[in-house]
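Here is the file model_15.pdb (PDB, C-alpha atoms).
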ATOM      1  CA  ALA I   1     -64.178 229.365  22.426
ATOM      2  CA  TYR I   2     -66.997 227.554  24.174
ATOM      3  CA  GLU I   3     -68.227 227.577  27.741
ATOM      4  CA  ILE I   4     -68.575 224.400  29.770
ATOM      5  CA  TYR I   5     -71.792 224.311  31.743
ATOM      6  CA  GLN I   6     -71.360 223.273  35.345
ATOM      7  CA  CYS I   7     -73.982 222.845  38.006
ATOM      8  CA  ASP I   8     -73.900 222.864  41.775
ATOM      9  CA  TRP I   9     -76.017 219.834  42.559
ATOM     10  CA  SER I  10     -76.356 220.886  46.181
ATOM     11  CA  SER I  11     -79.230 223.070  44.989
ATOM     12  CA  ASP I  12     -82.545 221.716  43.740
ATOM     13  CA  VAL I  13     -82.568 223.434  40.357
ATOM     14  CA  CYS I  14     -79.800 224.332  37.912
ATOM     15  CA  SER I  15     -80.236 227.351  35.658
ATOM     16  CA  SER I  16     -78.113 228.862  32.935
ATOM     17  CA  ASP I  17     -78.041 232.040  30.854
ATOM     18  CA  LEU I  18     -75.678 230.445  28.332
ATOM     19  CA  ASP I  19     -76.528 229.803  24.701
ATOM     20  CA  THR I  20     -79.674 227.659  24.740
ATOM     21  CA  ARG I  21     -81.050 229.198  21.547
ATOM     22  CA  PHE I  22     -83.296 226.713  19.799
ATOM     23  CA  VAL I  23     -83.302 226.839  15.980
ATOM     24  CA  PHE I  24     -85.320 224.431  13.824
ATOM     25  CA  LEU I  25     -83.695 225.461  10.518
ATOM     26  CA  THR I  26     -80.171 224.312  11.406
ATOM     27  CA  GLY I  27     -81.434 221.899  14.035
ATOM     28  CA  SER I  28     -80.848 221.503  17.758
ATOM     29  CA  THR I  29     -79.970 218.394  19.748
ATOM     30  CA  ILE I  30     -80.354 217.667  23.451
ATOM     31  CA  GLU I  31     -78.586 214.673  25.022
ATOM     32  CA  PHE I  32     -78.363 213.503  28.613
ATOM     33  CA  TRP I  33     -77.966 210.474  30.863
ATOM     34  CA  LEU I  34     -80.844 209.910  33.261
ATOM     35  CA  LYS I  35     -81.350 207.460  36.114
ATOM     36  CA  LYS I  36     -84.656 207.302  37.962
ATOM     37  CA  ASN I  37     -85.425 205.181  40.966
ATOM     38  CA  ASN I  38     -89.081 206.129  41.327
ATOM     39  CA  ARG I  39     -91.918 208.042  39.715
ATOM     40  CA  ALA I  40     -92.729 211.645  40.600
ATOM     41  CA  ASP I  41     -96.377 210.947  41.365
ATOM     42  CA  ARG I  42     -98.061 207.616  40.710
ATOM     43  CA  THR I  43    -101.594 208.965  41.054
ATOM     44  CA  THR I  44    -101.640 212.295  39.194
ATOM     45  CA  GLN I  45    -101.547 211.863  35.426
ATOM     46  CA  SER I  46    -100.566 215.514  34.836
ATOM     47  CA  ALA I  47     -97.578 215.447  37.211
ATOM     48  CA  LYS I  48     -94.280 216.168  35.466
ATOM     49  CA  ASP I  49     -90.713 215.180  36.296
ATOM     50  CA  VAL I  50     -88.937 217.912  34.306
ATOM     51  CA  VAL I  51     -85.555 217.118  32.777
ATOM     52  CA  PHE I  52     -84.974 220.335  30.811
ATOM     53  CA  TYR I  53     -86.723 223.655  30.182
ATOM     54  CA  THR I  54     -85.592 226.483  27.917
ATOM     55  CA  ALA I  55     -87.350 229.730  27.004
ATOM     56  CA  THR I  56     -86.822 233.212  25.663
ATOM     57  CA  SER I  57     -85.696 235.590  28.374
ATOM     58  CA  GLY I  58     -86.248 239.299  28.743
ATOM     59  CA  SER I  59     -90.031 238.987  28.537
ATOM     60  CA  SER I  60     -92.344 238.535  31.492
ATOM     61  CA  ASP I  61     -94.243 235.607  30.001
ATOM     62  CA  LYS I  62     -91.325 233.848  28.214
ATOM     63  CA  ASP I  63     -93.441 233.372  25.090
ATOM     64  CA  LYS I  64     -91.387 230.627  23.428
ATOM     65  CA  ARG I  65     -90.473 227.604  25.493
ATOM     66  CA  LEU I  66     -89.556 223.958  25.197
ATOM     67  CA  VAL I  67     -89.645 221.251  27.843
ATOM     68  CA  ILE I  68     -88.574 217.614  28.160
ATOM     69  CA  TYR I  69     -90.204 215.656  30.957
ATOM     70  CA  VAL I  70     -91.228 212.267  32.311
ATOM     71  CA  SER I  71     -94.896 211.879  33.191
ATOM     72  CA  GLY I  72     -95.853 210.927  36.711
ATOM     73  CA  GLY I  73     -98.917 209.009  35.551
ATOM     74  CA  VAL I  74     -98.935 205.250  36.045
ATOM     75  CA  GLY I  75    -100.097 204.697  32.463
ATOM     76  CA  ASN I  76     -96.991 206.226  30.896
ATOM     77  CA  GLN I  77     -94.159 204.541  32.734
ATOM     78  CA  GLY I  78     -92.147 203.759  29.602
ATOM     79  CA  SER I  79     -92.543 207.080  27.773
ATOM     80  CA  ILE I  80     -90.737 210.423  27.747
ATOM     81  CA  TYR I  81     -92.224 213.669  26.415
ATOM     82  CA  THR I  82     -91.257 216.923  24.754
ATOM     83  CA  GLU I  83     -93.516 219.948  24.275
ATOM     84  CA  TYR I  84     -93.131 223.337  22.587
ATOM     85  CA  TYR I  85     -95.166 226.489  23.238
ATOM     86  CA  THR I  86     -95.464 230.027  21.892
ATOM     87  CA  ASN I  87     -97.535 232.476  23.922
ATOM     88  CA  THR I  88    -100.523 230.381  25.061
ATOM     89  CA  GLU I  89    -100.497 228.058  22.031
ATOM     90  CA  THR I  90     -99.192 224.490  22.154
ATOM     91  CA  LYS I  91     -97.109 223.977  18.998
ATOM     92  CA  PHE I  92     -96.458 220.312  19.625
ATOM     93  CA  SER I  93     -96.798 217.755  22.406
ATOM     94  CA  LEU I  94     -95.035 214.494  21.579
ATOM     95  CA  GLY I  95     -94.614 211.312  23.573
ATOM     96  CA  PHE I  96     -91.933 208.741  22.745
ATOM     97  CA  ASP I  97     -92.135 205.086  23.764
ATOM     98  CA  THR I  98     -88.667 204.112  24.984
ATOM     99  CA  GLY I  99     -89.382 200.385  24.873
ATOM    100  CA  LEU I 100     -88.649 200.213  28.600
ATOM    101  CA  SER I 101     -91.401 198.843  30.809
ATOM    102  CA  ASN I 102     -90.582 201.589  33.310
ATOM    103  CA  LEU I 103     -88.153 204.518  33.043
ATOM    104  CA  ALA I 104     -87.712 204.345  36.792
ATOM    105  CA  ASP I 105     -85.658 201.146  36.636
ATOM    106  CA  SER I 106     -82.694 202.440  38.713
ATOM    107  CA  THR I 107     -80.483 202.130  35.612
ATOM    108  CA  TRP I 108     -78.579 204.813  33.706
ATOM    109  CA  HIS I 109     -79.960 205.403  30.185
ATOM    110  CA  HIS I 110     -78.870 207.857  27.508
ATOM    111  CA  TYR I 111     -81.589 209.967  25.840
ATOM    112  CA  ALA I 112     -81.218 212.115  22.715
ATOM    113  CA  PHE I 113     -83.730 214.443  21.022
ATOM    114  CA  CYS I 114     -82.978 216.003  17.605
ATOM    115  CA  TYR I 115     -85.250 218.889  16.544
ATOM    116  CA  TYR I 116     -85.217 220.135  12.930
ATOM    117  CA  ARG I 117     -87.240 221.174   9.910
ATOM    118  CA  GLY I 118     -87.972 218.383   7.448
ATOM    119  CA  THR I 119     -89.965 217.864   4.273
ATOM    120  CA  GLY I 120     -93.074 216.840   6.201
ATOM    121  CA  GLY I 121     -92.911 219.610   8.777
ATOM    122  CA  TYR I 122     -91.032 219.992  12.057
ATOM    123  CA  ASN I 123     -89.423 216.742  13.119
ATOM    124  CA  VAL I 124     -88.137 215.264  16.361
ATOM    125  CA  ASP I 125     -85.852 212.213  16.253
ATOM    126  CA  PHE I 126     -85.594 210.195  19.452
ATOM    127  CA  TYR I 127     -82.722 207.889  20.508
ATOM    128  CA  LEU I 128     -82.300 205.667  23.555
ATOM    129  CA  ASP I 129     -78.863 204.356  24.556
ATOM    130  CA  GLY I 130     -77.426 205.388  21.189
ATOM    131  CA  ILE I 131     -80.096 203.568  19.157
ATOM    132  CA  TYR I 132     -82.598 205.387  16.926
ATOM    133  CA  LYS I 133     -86.159 204.723  18.063
ATOM    134  CA  GLN I 134     -88.615 207.004  16.304
ATOM    135  CA  THR I 135     -89.293 210.230  14.390
ATOM    136  CA  GLN I 136     -92.430 212.258  14.985
ATOM    137  CA  THR I 137     -93.556 215.176  12.825
ATOM    138  CA  SER I 138     -95.480 218.319  13.699
ATOM    139  CA  ALA I 139     -97.101 220.139  10.772
ATOM    140  CA  THR I 140     -97.546 223.269  12.909
ATOM    141  CA  THR I 141     -95.196 226.164  12.227
ATOM    142  CA  ASN I 142     -92.762 226.405  15.121
ATOM    143  CA  GLU I 143     -90.933 229.611  15.975
ATOM    144  CA  ASP I 144     -87.290 229.460  16.978
ATOM    145  CA  ILE I 145     -86.007 230.384  20.429
ATOM    146  CA  THR I 146     -83.462 233.018  19.422
ATOM    147  CA  GLY I 147     -81.620 235.882  21.024
ATOM    148  CA  SER I 148     -81.262 235.662  24.775
ATOM    149  CA  ALA I 149     -82.509 232.412  26.304
ATOM    150  CA  ILE I 150     -82.565 230.759  29.691
ATOM    151  CA  GLY I 151     -82.186 227.081  30.487
ATOM    152  CA  PHE I 152     -83.200 225.051  33.540
ATOM    153  CA  ILE I 153     -82.217 221.473  34.328
ATOM    154  CA  GLY I 154     -84.395 219.549  36.769
ATOM    155  CA  ALA I 155     -87.418 221.884  37.014
ATOM    156  CA  LEU I 156     -89.580 224.364  35.140
ATOM    157  CA  GLY I 157     -88.206 227.856  34.627
ATOM    158  CA  GLY I 158     -91.509 229.606  33.918
ATOM    159  CA  LYS I 159     -94.965 228.972  32.499
ATOM    160  CA  LEU I 160     -96.083 226.183  30.187
ATOM    161  CA  SER I 161     -99.342 226.436  28.224
ATOM    162  CA  GLY I 162    -101.060 228.953  30.472
ATOM    163  CA  SER I 163    -100.089 232.278  31.976
ATOM    164  CA  THR I 164     -99.151 230.991  35.445
ATOM    165  CA  ASN I 165     -95.463 231.224  36.306
ATOM    166  CA  LEU I 166     -94.473 227.695  37.335
ATOM    167  CA  ALA I 167     -90.781 228.345  37.953
ATOM    168  CA  GLY I 168     -89.437 225.724  40.347
ATOM    169  CA  TYR I 169     -92.316 223.293  39.806
ATOM    170  CA  GLY I 170     -91.903 219.817  38.334
ATOM    171  CA  LYS I 171     -88.684 219.063  40.199
ATOM    172  CA  LEU I 172     -86.947 215.993  38.861
ATOM    173  CA  SER I 173     -86.741 212.927  41.039
ATOM    174  CA  GLY I 174     -83.631 211.312  39.600
ATOM    175  CA  SER I 175     -80.015 211.842  38.546
ATOM    176  CA  ILE I 176     -78.708 213.538  35.377
ATOM    177  CA  ASP I 177     -75.202 213.307  33.951
ATOM    178  CA  GLU I 178     -73.384 214.592  30.844
ATOM    179  CA  PHE I 179     -76.098 216.987  29.694
ATOM    180  CA  ARG I 180     -75.301 218.263  26.176
ATOM    181  CA  PHE I 181     -77.051 220.974  24.174
ATOM    182  CA  TRP I 182     -76.011 221.270  20.530
ATOM    183  CA  ASN I 183     -76.851 224.051  18.061
ATOM    184  CA  VAL I 184     -76.991 221.502  15.223
ATOM    185  CA  LYS I 185     -78.946 218.352  14.394
ATOM    186  CA  ARG I 186     -76.842 215.360  15.357
ATOM    187  CA  ASN I 187     -77.136 212.306  13.146
ATOM    188  CA  ALA I 188     -77.486 208.630  14.043
ATOM    189  CA  LYS I 189     -73.792 207.917  13.500
ATOM    190  CA  GLN I 190     -72.688 210.732  15.817
ATOM    191  CA  ILE I 191     -75.118 209.798  18.575
ATOM    192  CA  GLY I 192     -74.477 206.078  18.288
ATOM    193  CA  ARG I 193     -70.703 206.490  18.304
ATOM    194  CA  TYR I 194     -70.299 209.113  21.016
ATOM    195  CA  TYR I 195     -73.176 208.642  23.465
ATOM    196  CA  ILE I 196     -71.025 206.359  25.633
ATOM    197  CA  THR I 197     -67.904 208.529  25.339
ATOM    198  CA  SER I 198     -67.176 212.244  25.319
ATOM    199  CA  GLU I 199     -66.386 214.463  22.359
ATOM    200  CA  ILE I 200     -65.783 217.413  24.661
ATOM    201  CA  GLY I 201     -62.351 217.908  26.176
ATOM    202  CA  ASP I 202     -60.694 215.268  24.007
ATOM    203  CA  GLY I 203     -58.180 217.665  22.474
ATOM    204  CA  THR I 204     -60.412 219.051  19.718
ATOM    205  CA  ASN I 205     -60.698 222.817  20.076
ATOM    206  CA  THR I 206     -61.538 224.354  16.722
ATOM    207  CA  ASP I 207     -63.883 227.224  15.926
ATOM    208  CA  ASP I 208     -66.087 224.956  13.781
ATOM    209  CA  SER I 209     -66.635 222.352  16.467
ATOM    210  CA  ASN I 210     -67.001 224.857  19.279
ATOM    211  CA  THR I 211     -69.717 226.955  17.622
ATOM    212  CA  ASP I 212     -71.972 223.879  17.498
ATOM    213  CA  LEU I 213     -72.044 223.712  21.281
ATOM    214  CA  GLY I 214     -74.833 225.567  23.038
ATOM    215  CA  ILE I 215     -73.780 224.749  26.587
TER
END

Same coordinates, now as structure tokens:
Amino acid sequence: AYEIYQCDWSSDVCSSDLDTRFVFLTGSTIEFWLKKNNRADRTTQSAKDVVFYTATSGSSDKDKRLVIYVSGGVGNQGSIYTEYYTNTETKFSLGFDTGLSNLADSTWHHYAFCYYRGTGGYNVDFYLDGIYKQTQTSATTNEDITGSAIGFIGALGGKLSGSTNLAGYGKLSGSIDEFRFWNVKRNAKQIGRYYITSEIGDGTNTDDSNTDLGI
């Protein structure tokens, strides 16, 4: 059976100790709807509007962690970013041009990130509103987030590249709906067909389909 992740949006940050293990070999996919009405900070380039953060738990420094965020800098209004860290090393830092002039356009958009190992290295496929946009490759060896993991929606859950615990920082200014975390790499057909509808709760309840769901 699988667990449905629910969040009390009366609080600022949503956290989960469900299965947010992140495996590059079999692939992992993160999907969500996001609507932003404004930028987090129009003057500070390093400001982050965090959508999702996951990391290994049970260690004080959470050595392996992945984040998806929107930059607060005025020069990056149409881009969305994903970064991956182990210890104090940045494994990859990738920015994806959505094609939008500004993400904060007060309109709901669907975002999908597919992480997996490929022939050229470690790949990330990016989709916007069900349409494939771009693949970026990192030649750096990336370690999986396995075992017990924590997940945060709408803020950081720990440190990033340094040793400072930033839990609660980077709070998202916007709305998120239908957040999906998959333990497999979703393909273009699956994302394009189902981004506007729901595969969950439609009567399918098999062991094979359920084990693909992280949360």

Hey, what comes out of the PyMOL selection byres ((chain I and resi 124-140) around 9) on this file? Could you write it as a PyMOL selection string? chain I and resi 33+91-99+109-118+120-123+141-142+188-196

Would you translate the PyMOL selection byres ((chain I and resi 70) around 6) into the concrete set of residues it matches in this file, as a ChimeraX atom specification? /I:48-49,69,71,80

Write out the residues from the selection above, keeping C-alpha atoms, as a short mmCIF file (atom, residue, chain, number, x, y, z; two decimals), keeping the file's coordinate frame.
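Written output follows (out.cif):
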data_model
loop_
_atom_site.label_atom_id
_atom_site.label_comp_id
_atom_site.auth_asym_id
_atom_site.auth_seq_id
_atom_site.Cartn_x
_atom_site.Cartn_y
_atom_site.Cartn_z
CA LYS I 48 -94.28 216.17 35.47
CA ASP I 49 -90.71 215.18 36.30
CA TYR I 69 -90.20 215.66 30.96
CA SER I 71 -94.90 211.88 33.19
CA ILE I 80 -90.74 210.42 27.75
#

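With atom CA of I:Val23 on one side and atom CA of I:Ile145 on the other, the separation reads 6.3 Å.
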
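You will find atom CA of I:Phe181 at 20.6 Å from atom CA of I:Asp63.
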
When the PyMOL selection byres ((chain I and resi 55) around 8) is applied to the structure above, which residues does it catch, written out as a ChimeraX atom specification? /I:53-54,56-57,62-66,145,149-151,157

What is the distance between atom CA of I:Thr82 and atom CA of I:Glu31, in Å to one decimal? 12.9 Å

Residues near I:Leu172, anyone? I mean within 8 Å using all atoms listed in the file, not counting same-chain ones fewer than 3 positions away, as a ChimeraX atom specification. /I:40,49-51,154-155

Test item: residues at most 9 Å from I:Thr88, only C-alpha atoms, excluding those fewer than 6 positions along its chain, as a PyMOL selection string: chain I and resi 63+160-163

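Shortest separation to I:Lys185 among I:Leu166, I:Ala47, I:Ile30, I:Ala104 occurs at residue I:Ile30, atoms counted being only C-alpha atoms.
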
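Candidate residues I:Glu89, I:Glu83, I:Glu143, I:Asp105 were compared for distance to I:Gly174, and the nearest is I:Asp105, using only C-alpha atoms.
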